[in-house]
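Report on the following structure.
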Amino acid sequence: MFKKFLLNITIVCLPGLCFAQSQPLRIWFNRPADQWEETLPLGNGRLGMMPDGGVKKETITLNDITLWSGAPQDANNYEAYKKLPQIRALLLAGKNADAQEIIDKDFICKGPGSAGVSYGCYQTMGNLNIAFDYAAADPKDIKYTNYHRELSVNTAVAKCSYVVDGVTYRREYFTSFGDDISIIKLSADKPGKLNLSLTMDRPERFTTTSQNNQLEMFGQLDNGIDGKGMRYVAKVKASLKGGSQSVTSNSLVIKNATEAIIYISAGTDYKQLNYDQKVSSTLIAAMKKPYNQEKQQHISNYQKLFNRVTVNLGGNYRDTIPTDLRLANFHKTPKADNALPVLYYQFGRYLSICSTRIGLLPPNLQGLWANQIVTPWTGDYHLDINVQMNHWPVEVSNLSELNLPLAELVKGMVKNGEKTAKAYYNADGWVAHVITNIWGWTEPGEAASWGICKVGSGWLCDNLWQHYDFTNDKKYLGDIYPVLKGSALFYSSILINDPKTGWLVTSPSSSPENGFLIPDGSGRHASICMGPTIDNQIIRELFNNVIAAGKVLGKDAAFCKILQEKLKKLPPPGIIAKDGRIQEWLEDYAEIEPHHRCISHLYGLYPASLITPEATPALAEASKKTLEARGDDGPSFAIAYKIAWWARLHDGERAYKLFTDLIHPTLATNINYGDGGGIYPNMLSAGPPFQIDGNFGATAALAEMLIQSHAGFIELLPSVPTNWKQKGEVRGLKARGNFTVDFKWQNGKITNYRITSTQPRKVKMKINGMVKEVMAQKA
């Protein structure tokens, strides 16, 4: 029986199993963008641009992942720890609101925190503006036909075409994965019909100059100290076929050309003192290379990452209508278009590839793409779910190395986090709270209700651990081990005994961004508490991971023994309340917002594996009741998280229903904390406003519906909805333990699969409801 089963998994290339992503994956429109949320996002991990495809005038938003205002600062209150005894005494006495008043006064960061110019903000680099001249009698009366604008997710190339006065104009855009430069090719199908001028600007702090047929924009951002913060520069040159070019004081003018290739080289002085010279040399090198060679190198380098995973969910392939209409149709009748979830999933992978790279910064709240100086929530790294969610899809989606920039960001936080641990808790190790920036901020936020949550650093450690869990890279584990250990040291040293339960708990703390009614009949409410469920779950998971890492690396046996003992005294992964739900807090408080966007007390279900239907069925059922009570709506990141939770609960129908809810078209850009998330026409996530965590969270959740590997075995199709059951196939998804899995199914049953690893070894797999041990092939 075992031999027969083994033959099934060692088939190397069944005709229906090995396939390329034959379906063209594209986002397209039959009109220019009317607002920024309809533009097409391009990026190469450092540079970004978003063209709007305008006919008379085109605005192309430019970005550099490193462009930040602000500067390193020390906003720790070094007297804060002296208030700890008083705060803890009030919490033990049930006087949470009184404790919160002290925290708001003496236990937050010094200064304005994230609202201050010293904290800084991720900013747009600015705009490249192209004004077209069609030699019409009245420029306001330009008529165009046959308009088409698209982004190819397969190639990371955008295009635009239209007809004016019998001339077909075409544009092609990409941010090169070859020579690290942005390129736009403009052409007309009749000689001498390209007439245009180029300018650059941004809302503040910029200067433009033009000389030697080069347009340049440069400036220096505010550091919050003396105004002399990060410096940046963008340089533009053009290569023509026919025609001529000249400059004015602030523009580059092209006349009577048939083709113009625009090169945009940009950079900042973030960790690069010779940035201006580097921008110039990059520009010169790119212009020496033939365009087709540059484009092919770009596509080849991009596809080395993108082509690792292919997905087909069967059903009819529908790409005959513009994407905005397609999204609206899918939201109403999802069963008609199984290719749309594939496009959404692969677009999420596209966004990951385009918004980060090894050696640079991880994607922020907006990934790479911002069109403002003051981006929503400063475009920073929120640590109470957002930056973690940004990285959830990369491991399972075979983009493992894209987790490494986050690891570098976290390592850069440790030194300041040690100061913060001493200042507020007189504790060992390091801590970060709710927000951080590229300058290593670890202090609490400026308000107790959200700013004192202290598991941001522990949650980050989960992301770092996941990279090891998926790759088995011991060298990497050794590199991050001091970070994990330092975080565990902090939590180990701050735990106090709760006299009511005898458990070790955090105090003071909060459940991210939520609050409760104080049970004294006063009607007062608070956020500050002892031992919220998310703290207990994250600390339990972190201690277990540090113990496992110590064994792998042969380190710190004595410290690991201390953690083992404290694990026995932590609260359980979940406490089931009288109404059958998992409690959010140690006490069964009444919620202020029953449908609050954050459901942080289900962290143990996902991304952690403390709650599973197999090992903890009672907690799994309580998780379902928790989700039912909170409801399905919310900002996009919350809906995305709920998809992942339902997938972990093996409810594919509910997960799929929530995905269809997520595909709710919107153009809203207001700040939203409640219900009403959605998706913009260009498929970017709407909170609103645009926040990329919704894209990444839903990408990870869709993968979770197809494969799971957290419960001690690899399971295929754990949460497949009825709409996907008829037929499908997947290649290249990853499982924990550094396994790569290809599989094919029909009528909801796996028909063929292949699992590979760097070395042949045994692994448990759950296939069609049966768990068996199989031998993985050598990759």
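Going through the structure tokens in order, the chains are called A, B, and so on, while each chain numbers its residues from 1 and the ligands are numbered from 1 in the order shown.
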Applying 12 Å and only C-alpha atoms, which residues near stretch 519-527 of chain A remain after dropping the ones on its own chain fewer than 2 positions away? List them as a PDB file with N, CA, C and O atoms, in the first residue's frame.
ATOM      1  N   LEU A  91      -4.301  48.717  38.563  1.00  0.00           N
ATOM      2  CA  LEU A  91      -4.870  47.652  37.738  1.00  0.00           C
ATOM      3  C   LEU A  91      -5.297  46.467  38.597  1.00  0.00           C
ATOM      4  O   LEU A  91      -6.357  45.868  38.373  1.00  0.00           O
ATOM      5  N   ALA A  93      -6.345  46.636  41.496  1.00  0.00           N
ATOM      6  CA  ALA A  93      -7.529  47.070  42.246  1.00  0.00           C
ATOM      7  C   ALA A  93      -8.737  47.283  41.331  1.00  0.00           C
ATOM      8  O   ALA A  93      -9.800  47.698  41.793  1.00  0.00           O
ATOM      9  N   GLY A  94      -8.575  47.015  40.025  1.00  0.00           N
ATOM     10  CA  GLY A  94      -9.674  47.186  39.088  1.00  0.00           C
ATOM     11  C   GLY A  94      -9.915  48.622  38.669  1.00  0.00           C
ATOM     12  O   GLY A  94     -10.965  48.947  38.090  1.00  0.00           O
ATOM     13  N   LYS A  95      -8.961  49.508  38.937  1.00  0.00           N
ATOM     14  CA  LYS A  95      -9.098  50.923  38.594  1.00  0.00           C
ATOM     15  C   LYS A  95      -8.353  51.213  37.286  1.00  0.00           C
ATOM     16  O   LYS A  95      -7.410  52.008  37.240  1.00  0.00           O
ATOM     17  N   ASN A  96      -8.825  50.582  36.219  1.00  0.00           N
ATOM     18  CA  ASN A  96      -8.137  50.650  34.935  1.00  0.00           C
ATOM     19  C   ASN A  96      -8.127  52.063  34.360  1.00  0.00           C
ATOM     20  O   ASN A  96      -7.124  52.502  33.772  1.00  0.00           O
ATOM     21  N   ALA A  97      -9.237  52.778  34.493  1.00  0.00           N
ATOM     22  CA  ALA A  97      -9.302  54.132  33.937  1.00  0.00           C
ATOM     23  C   ALA A  97      -8.322  55.063  34.648  1.00  0.00           C
ATOM     24  O   ALA A  97      -7.703  55.933  34.026  1.00  0.00           O
ATOM     25  N   ASP A  98      -8.165  54.890  35.958  1.00  0.00           N
ATOM     26  CA  ASP A  98      -7.207  55.707  36.705  1.00  0.00           C
ATOM     27  C   ASP A  98      -5.778  55.379  36.265  1.00  0.00           C
ATOM     28  O   ASP A  98      -4.943  56.282  36.136  1.00  0.00           O
ATOM     29  N   ALA A  99      -5.517  54.105  36.044  1.00  0.00           N
ATOM     30  CA  ALA A  99      -4.190  53.708  35.558  1.00  0.00           C
ATOM     31  C   ALA A  99      -3.927  54.316  34.180  1.00  0.00           C
ATOM     32  O   ALA A  99      -2.812  54.769  33.887  1.00  0.00           O
ATOM     33  N   GLN A 100      -4.962  54.341  33.350  1.00  0.00           N
ATOM     34  CA  GLN A 100      -4.795  54.892  32.008  1.00  0.00           C
ATOM     35  C   GLN A 100      -4.493  56.382  32.042  1.00  0.00           C
ATOM     36  O   GLN A 100      -3.725  56.885  31.224  1.00  0.00           O
ATOM     37  N   GLU A 101      -5.077  57.086  32.992  1.00  0.00           N
ATOM     38  CA  GLU A 101      -4.791  58.519  33.118  1.00  0.00           C
ATOM     39  C   GLU A 101      -3.322  58.764  33.422  1.00  0.00           C
ATOM     40  O   GLU A 101      -2.706  59.693  32.883  1.00  0.00           O
ATOM     41  N   ILE A 103      -0.845  56.714  32.640  1.00  0.00           N
ATOM     42  CA  ILE A 103      -0.082  56.344  31.444  1.00  0.00           C
ATOM     43  C   ILE A 103      -0.130  57.471  30.419  1.00  0.00           C
ATOM     44  O   ILE A 103       0.887  57.821  29.814  1.00  0.00           O
ATOM     45  N   ASP A 104      -1.321  58.053  30.215  1.00  0.00           N
ATOM     46  CA  ASP A 104      -1.446  59.153  29.257  1.00  0.00           C
ATOM     47  C   ASP A 104      -0.567  60.342  29.646  1.00  0.00           C
ATOM     48  O   ASP A 104      -0.143  61.109  28.779  1.00  0.00           O
ATOM     49  N   ALA A 447      -0.516  58.126  22.783  1.00  0.00           N
ATOM     50  CA  ALA A 447      -1.763  57.980  23.543  1.00  0.00           C
ATOM     51  C   ALA A 447      -1.829  56.566  24.105  1.00  0.00           C
ATOM     52  O   ALA A 447      -1.516  55.590  23.415  1.00  0.00           O
ATOM     53  N   ALA A 448      -2.275  56.459  25.355  1.00  0.00           N
ATOM     54  CA  ALA A 448      -2.301  55.156  26.013  1.00  0.00           C
ATOM     55  C   ALA A 448      -3.244  54.185  25.324  1.00  0.00           C
ATOM     56  O   ALA A 448      -2.975  52.992  25.253  1.00  0.00           O
ATOM     57  N   SER A 449      -4.365  54.673  24.788  1.00  0.00           N
ATOM     58  CA  SER A 449      -5.401  53.791  24.262  1.00  0.00           C
ATOM     59  C   SER A 449      -4.884  52.862  23.187  1.00  0.00           C
ATOM     60  O   SER A 449      -5.379  51.747  23.018  1.00  0.00           O
ATOM     61  N   TRP A 450      -3.861  53.310  22.437  1.00  0.00           N
ATOM     62  CA  TRP A 450      -3.270  52.441  21.421  1.00  0.00           C
ATOM     63  C   TRP A 450      -1.758  52.308  21.580  1.00  0.00           C
ATOM     64  O   TRP A 450      -1.175  51.295  21.197  1.00  0.00           O
ATOM     65  N   GLY A 451      -1.125  53.305  22.179  1.00  0.00           N
ATOM     66  CA  GLY A 451       0.330  53.399  22.112  1.00  0.00           C
ATOM     67  C   GLY A 451       1.098  52.516  23.060  1.00  0.00           C
ATOM     68  O   GLY A 451       2.304  52.345  22.907  1.00  0.00           O
ATOM     69  N   ILE A 452       0.428  51.933  24.077  1.00  0.00           N
ATOM     70  CA  ILE A 452       1.167  51.177  25.085  1.00  0.00           C
ATOM     71  C   ILE A 452       1.216  49.691  24.765  1.00  0.00           C
ATOM     72  O   ILE A 452       1.930  48.931  25.436  1.00  0.00           O
ATOM     73  N   CYS A 453       0.480  49.242  23.775  1.00  0.00           N
ATOM     74  CA  CYS A 453       0.542  47.820  23.397  1.00  0.00           C
ATOM     75  C   CYS A 453       2.001  47.453  23.149  1.00  0.00           C
ATOM     76  O   CYS A 453       2.697  48.097  22.365  1.00  0.00           O
ATOM     77  N   PRO A 508       1.469  47.099  32.735  1.00  0.00           N
ATOM     78  CA  PRO A 508       0.211  47.339  32.022  1.00  0.00           C
ATOM     79  C   PRO A 508       0.328  46.923  30.558  1.00  0.00           C
ATOM     80  O   PRO A 508       1.419  46.767  30.031  1.00  0.00           O
ATOM     81  N   SER A 509      -0.834  46.752  29.929  1.00  0.00           N
ATOM     82  CA  SER A 509      -0.852  46.432  28.512  1.00  0.00           C
ATOM     83  C   SER A 509      -2.207  46.808  27.942  1.00  0.00           C
ATOM     84  O   SER A 509      -3.028  47.459  28.605  1.00  0.00           O
ATOM     85  N   SER A 510      -2.444  46.409  26.687  1.00  0.00           N
ATOM     86  CA  SER A 510      -3.733  46.653  26.047  1.00  0.00           C
ATOM     87  C   SER A 510      -3.905  45.663  24.908  1.00  0.00           C
ATOM     88  O   SER A 510      -2.930  45.080  24.433  1.00  0.00           O
ATOM     89  N   SER A 511      -5.140  45.460  24.499  1.00  0.00           N
ATOM     90  CA  SER A 511      -5.410  44.677  23.300  1.00  0.00           C
ATOM     91  C   SER A 511      -5.491  45.657  22.152  1.00  0.00           C
ATOM     92  O   SER A 511      -6.271  46.618  22.217  1.00  0.00           O
ATOM     93  N   PRO A 512      -4.689  45.487  21.109  1.00  0.00           N
ATOM     94  CA  PRO A 512      -4.487  46.540  20.104  1.00  0.00           C
ATOM     95  C   PRO A 512      -5.736  47.309  19.695  1.00  0.00           C
ATOM     96  O   PRO A 512      -6.659  46.757  19.114  1.00  0.00           O
ATOM     97  N   GLU A 513      -5.729  48.585  20.094  1.00  0.00           N
ATOM     98  CA  GLU A 513      -6.657  49.610  19.627  1.00  0.00           C
ATOM     99  C   GLU A 513      -8.099  49.398  20.071  1.00  0.00           C
ATOM    100  O   GLU A 513      -8.998  50.104  19.616  1.00  0.00           O
ATOM    101  N   ASN A 514      -8.359  48.454  20.965  1.00  0.00           N
ATOM    102  CA  ASN A 514      -9.715  48.199  21.422  1.00  0.00           C
ATOM    103  C   ASN A 514      -9.861  48.622  22.886  1.00  0.00           C
ATOM    104  O   ASN A 514      -8.868  48.756  23.601  1.00  0.00           O
ATOM    105  N   GLY A 515     -11.094  48.789  23.310  1.00  0.00           N
ATOM    106  CA  GLY A 515     -11.358  49.175  24.690  1.00  0.00           C
ATOM    107  C   GLY A 515     -12.548  48.441  25.259  1.00  0.00           C
ATOM    108  O   GLY A 515     -13.252  47.720  24.555  1.00  0.00           O
ATOM    109  N   PHE A 516     -12.794  48.624  26.559  1.00  0.00           N
ATOM    110  CA  PHE A 516     -13.839  47.882  27.246  1.00  0.00           C
ATOM    111  C   PHE A 516     -14.481  48.763  28.324  1.00  0.00           C
ATOM    112  O   PHE A 516     -13.924  49.778  28.747  1.00  0.00           O
ATOM    113  N   LEU A 517     -15.662  48.344  28.759  1.00  0.00           N
ATOM    114  CA  LEU A 517     -16.348  49.007  29.869  1.00  0.00           C
ATOM    115  C   LEU A 517     -15.804  48.483  31.195  1.00  0.00           C
ATOM    116  O   LEU A 517     -15.620  47.272  31.365  1.00  0.00           O
ATOM    117  N   CYS A 529      -5.010  47.352  30.608  1.00  0.00           N
ATOM    118  CA  CYS A 529      -5.422  46.154  31.335  1.00  0.00           C
ATOM    119  C   CYS A 529      -4.187  45.341  31.707  1.00  0.00           C
ATOM    120  O   CYS A 529      -3.054  45.767  31.475  1.00  0.00           O
ATOM    121  N   MET A 530      -4.443  44.164  32.240  1.00  0.00           N
ATOM    122  CA  MET A 530      -3.401  43.183  32.518  1.00  0.00           C
ATOM    123  C   MET A 530      -3.625  41.962  31.615  1.00  0.00           C
ATOM    124  O   MET A 530      -4.751  41.513  31.434  1.00  0.00           O
ATOM    125  N   GLY A 531      -2.547  41.451  31.064  1.00  0.00           N
ATOM    126  CA  GLY A 531      -2.568  40.169  30.375  1.00  0.00           C
ATOM    127  C   GLY A 531      -3.625  39.980  29.309  1.00  0.00           C
ATOM    128  O   GLY A 531      -4.353  38.983  29.344  1.00  0.00           O
ATOM    129  N   PRO A 532      -3.746  40.890  28.303  1.00  0.00           N
ATOM    130  CA  PRO A 532      -4.694  40.634  27.223  1.00  0.00           C
ATOM    131  C   PRO A 532      -4.310  39.353  26.478  1.00  0.00           C
ATOM    132  O   PRO A 532      -3.152  38.937  26.486  1.00  0.00           O
ATOM    133  N   GLU A 584     -11.131  38.459  24.901  1.00  0.00           N
ATOM    134  CA  GLU A 584     -10.073  39.332  24.402  1.00  0.00           C
ATOM    135  C   GLU A 584      -9.133  39.755  25.527  1.00  0.00           C
ATOM    136  O   GLU A 584      -7.960  40.027  25.290  1.00  0.00           O
ATOM    137  N   TRP A 585      -9.683  39.779  26.744  1.00  0.00           N
ATOM    138  CA  TRP A 585      -8.906  40.220  27.895  1.00  0.00           C
ATOM    139  C   TRP A 585      -8.894  39.120  28.968  1.00  0.00           C
ATOM    140  O   TRP A 585      -9.668  38.159  28.896  1.00  0.00           O
ATOM    141  N   GLU A 587      -9.898  39.440  31.938  1.00  0.00           N
ATOM    142  CA  GLU A 587     -11.235  39.547  32.515  1.00  0.00           C
ATOM    143  C   GLU A 587     -12.255  39.524  31.374  1.00  0.00           C
ATOM    144  O   GLU A 587     -11.964  39.958  30.253  1.00  0.00           O
ATOM    145  N   ASP A 588     -13.460  39.070  31.655  1.00  0.00           N
ATOM    146  CA  ASP A 588     -14.504  39.009  30.632  1.00  0.00           C
ATOM    147  C   ASP A 588     -15.216  40.357  30.547  1.00  0.00           C
ATOM    148  O   ASP A 588     -16.389  40.494  30.893  1.00  0.00           O
ATOM    149  N   TYR A 589     -14.473  41.366  30.060  1.00  0.00           N
ATOM    150  CA  TYR A 589     -15.014  42.712  29.959  1.00  0.00           C
ATOM    151  C   TYR A 589     -16.043  42.809  28.834  1.00  0.00           C
ATOM    152  O   TYR A 589     -15.999  42.053  27.857  1.00  0.00           O
ATOM    153  N   ALA A 590     -16.925  43.793  28.931  1.00  0.00           N
ATOM    154  CA  ALA A 590     -17.867  44.103  27.853  1.00  0.00           C
ATOM    155  C   ALA A 590     -17.185  45.032  26.856  1.00  0.00           C
ATOM    156  O   ALA A 590     -16.577  46.041  27.235  1.00  0.00           O
ATOM    157  N   GLU A 591     -17.289  44.703  25.587  1.00  0.00           N
ATOM    158  CA  GLU A 591     -16.642  45.495  24.539  1.00  0.00           C
ATOM    159  C   GLU A 591     -17.361  46.820  24.330  1.00  0.00           C
ATOM    160  O   GLU A 591     -18.584  46.900  24.419  1.00  0.00           O
ATOM    161  N   ILE A 592     -16.598  47.845  24.016  1.00  0.00           N
ATOM    162  CA  ILE A 592     -17.188  49.130  23.628  1.00  0.00           C
ATOM    163  C   ILE A 592     -17.717  49.035  22.209  1.00  0.00           C
ATOM    164  O   ILE A 592     -18.798  49.537  21.892  1.00  0.00           O
ATOM    165  N   GLU A 593     -16.934  48.398  21.328  1.00  0.00           N
ATOM    166  CA  GLU A 593     -17.318  48.231  19.928  1.00  0.00           C
ATOM    167  C   GLU A 593     -17.440  46.734  19.635  1.00  0.00           C
ATOM    168  O   GLU A 593     -16.433  46.070  19.375  1.00  0.00           O
TER     169      GLU A 593
END
Note to self: Env of A:Ala135: 12 Å cut, atoms = only C-alpha atoms, seq-sep filter 5 positions within chain, self excluded. Answer as a list in words.
What the structure shows: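 Listed by chain and then number, they are Lys56, Lys140, Asp141, Ile142, Val164, Asp165, Gly192, Lys193, Leu194, Asn195, Leu196, Lys255 and Asn256 of chain A.
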Notebook entry, point to check: So how far away is atom CA of A:Asn472 from atom CA of A:Gln708, in Å?
Noted result: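 Taking atom CA of A:Gln708 and atom CA of A:Asn472, their separation equals 17.0 Å.
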Notebook entry, point to check: Taking only C-alpha atoms into account, which of A:Gly554, A:Gly43, A:Pro571, A:Gly219 comes nearest A:Gln537?
Noted result: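 The answer is A:Pro571, which sits nearest to A:Gln537.
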Item checked: Nearest to A:Phe306 by atom-to-atom distance, counting only C-alpha atoms, from A:Ser493, A:Ser457, A:Thr145, A:Asn398 -> A:Asn398
Next item on the list: Run DSSP on the backbone of this structure and report the residues of stretch 314-547 of chain A it assigns to helix (DSSP H, G or I), as a VMD selection string.
Entry: chain A and resid 323 to 332 334 to 336 339 to 355 376 to 379 386 to 396 400 to 411 414 to 425 448 to 451 456 to 471 474 to 494 533 to 547
Note to self: Show me, as a PyMOL selection string, the residues that have an atom within 8 Å of stretch 293-297 of chain A when counting only C-alpha atoms, minus same-chain residues fewer than 5 positions from it.
What the structure shows: chain A and resi 174+176-179+286
Checklist line | Spatial neighbours of stretch 337-339 of chain A, 7 Å, only C-alpha atoms, chain gap at least 2 places, as a PyMOL selection string | finding: chain A and resi 313-318+330+334-335+341-343
Generate a file of the selected residues that holds N, CA and C atoms, formatted as a PDB file, in the first residue's frame.
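Wrote result-v3.pdb, looks like this:
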ATOM      1  N   LEU A 313      -7.452  27.841 -11.220  1.00  0.00           N
ATOM      2  CA  LEU A 313      -8.592  27.397 -10.423  1.00  0.00           C
ATOM      3  C   LEU A 313      -9.750  26.910 -11.289  1.00  0.00           C
ATOM      4  N   GLY A 314      -9.454  26.647 -12.571  1.00  0.00           N
ATOM      5  CA  GLY A 314     -10.477  26.114 -13.452  1.00  0.00           C
ATOM      6  C   GLY A 314     -11.522  27.156 -13.797  1.00  0.00           C
ATOM      7  N   GLY A 315     -12.649  26.691 -14.339  1.00  0.00           N
ATOM      8  CA  GLY A 315     -13.728  27.603 -14.704  1.00  0.00           C
ATOM      9  C   GLY A 315     -13.407  28.391 -15.946  1.00  0.00           C
ATOM     10  N   ASN A 316     -14.279  29.293 -16.275  1.00  0.00           N
ATOM     11  CA  ASN A 316     -14.119  30.108 -17.481  1.00  0.00           C
ATOM     12  C   ASN A 316     -13.133  31.238 -17.236  1.00  0.00           C
ATOM     13  N   TYR A 317     -12.303  31.476 -18.226  1.00  0.00           N
ATOM     14  CA  TYR A 317     -11.359  32.584 -18.145  1.00  0.00           C
ATOM     15  C   TYR A 317     -12.010  33.808 -18.781  1.00  0.00           C
ATOM     16  N   ARG A 318     -12.159  34.877 -17.981  1.00  0.00           N
ATOM     17  CA  ARG A 318     -12.869  36.062 -18.455  1.00  0.00           C
ATOM     18  C   ARG A 318     -11.977  37.283 -18.302  1.00  0.00           C
ATOM     19  N   PHE A 330     -17.645  40.521 -10.500  1.00  0.00           N
ATOM     20  CA  PHE A 330     -17.238  39.431  -9.610  1.00  0.00           C
ATOM     21  C   PHE A 330     -17.871  39.603  -8.235  1.00  0.00           C
ATOM     22  N   PRO A 334     -19.669  35.990  -8.244  1.00  0.00           N
ATOM     23  CA  PRO A 334     -18.293  35.468  -8.242  1.00  0.00           C
ATOM     24  C   PRO A 334     -18.129  34.129  -8.943  1.00  0.00           C
ATOM     25  N   LYS A 335     -19.176  33.342  -9.031  1.00  0.00           N
ATOM     26  CA  LYS A 335     -19.033  32.007  -9.616  1.00  0.00           C
ATOM     27  C   LYS A 335     -18.702  32.047 -11.101  1.00  0.00           C
ATOM     28  N   PRO A 341      -9.828  35.448  -8.775  1.00  0.00           N
ATOM     29  CA  PRO A 341      -9.010  35.177  -7.580  1.00  0.00           C
ATOM     30  C   PRO A 341      -7.553  34.860  -7.922  1.00  0.00           C
ATOM     31  N   VAL A 342      -7.326  34.221  -9.065  1.00  0.00           N
ATOM     32  CA  VAL A 342      -5.945  33.951  -9.493  1.00  0.00           C
ATOM     33  C   VAL A 342      -5.219  35.259  -9.770  1.00  0.00           C
ATOM     34  N   LEU A 343      -5.891  36.157 -10.496  1.00  0.00           N
ATOM     35  CA  LEU A 343      -5.288  37.454 -10.785  1.00  0.00           C
ATOM     36  C   LEU A 343      -4.993  38.204  -9.493  1.00  0.00           C
TER      37      LEU A 343
END
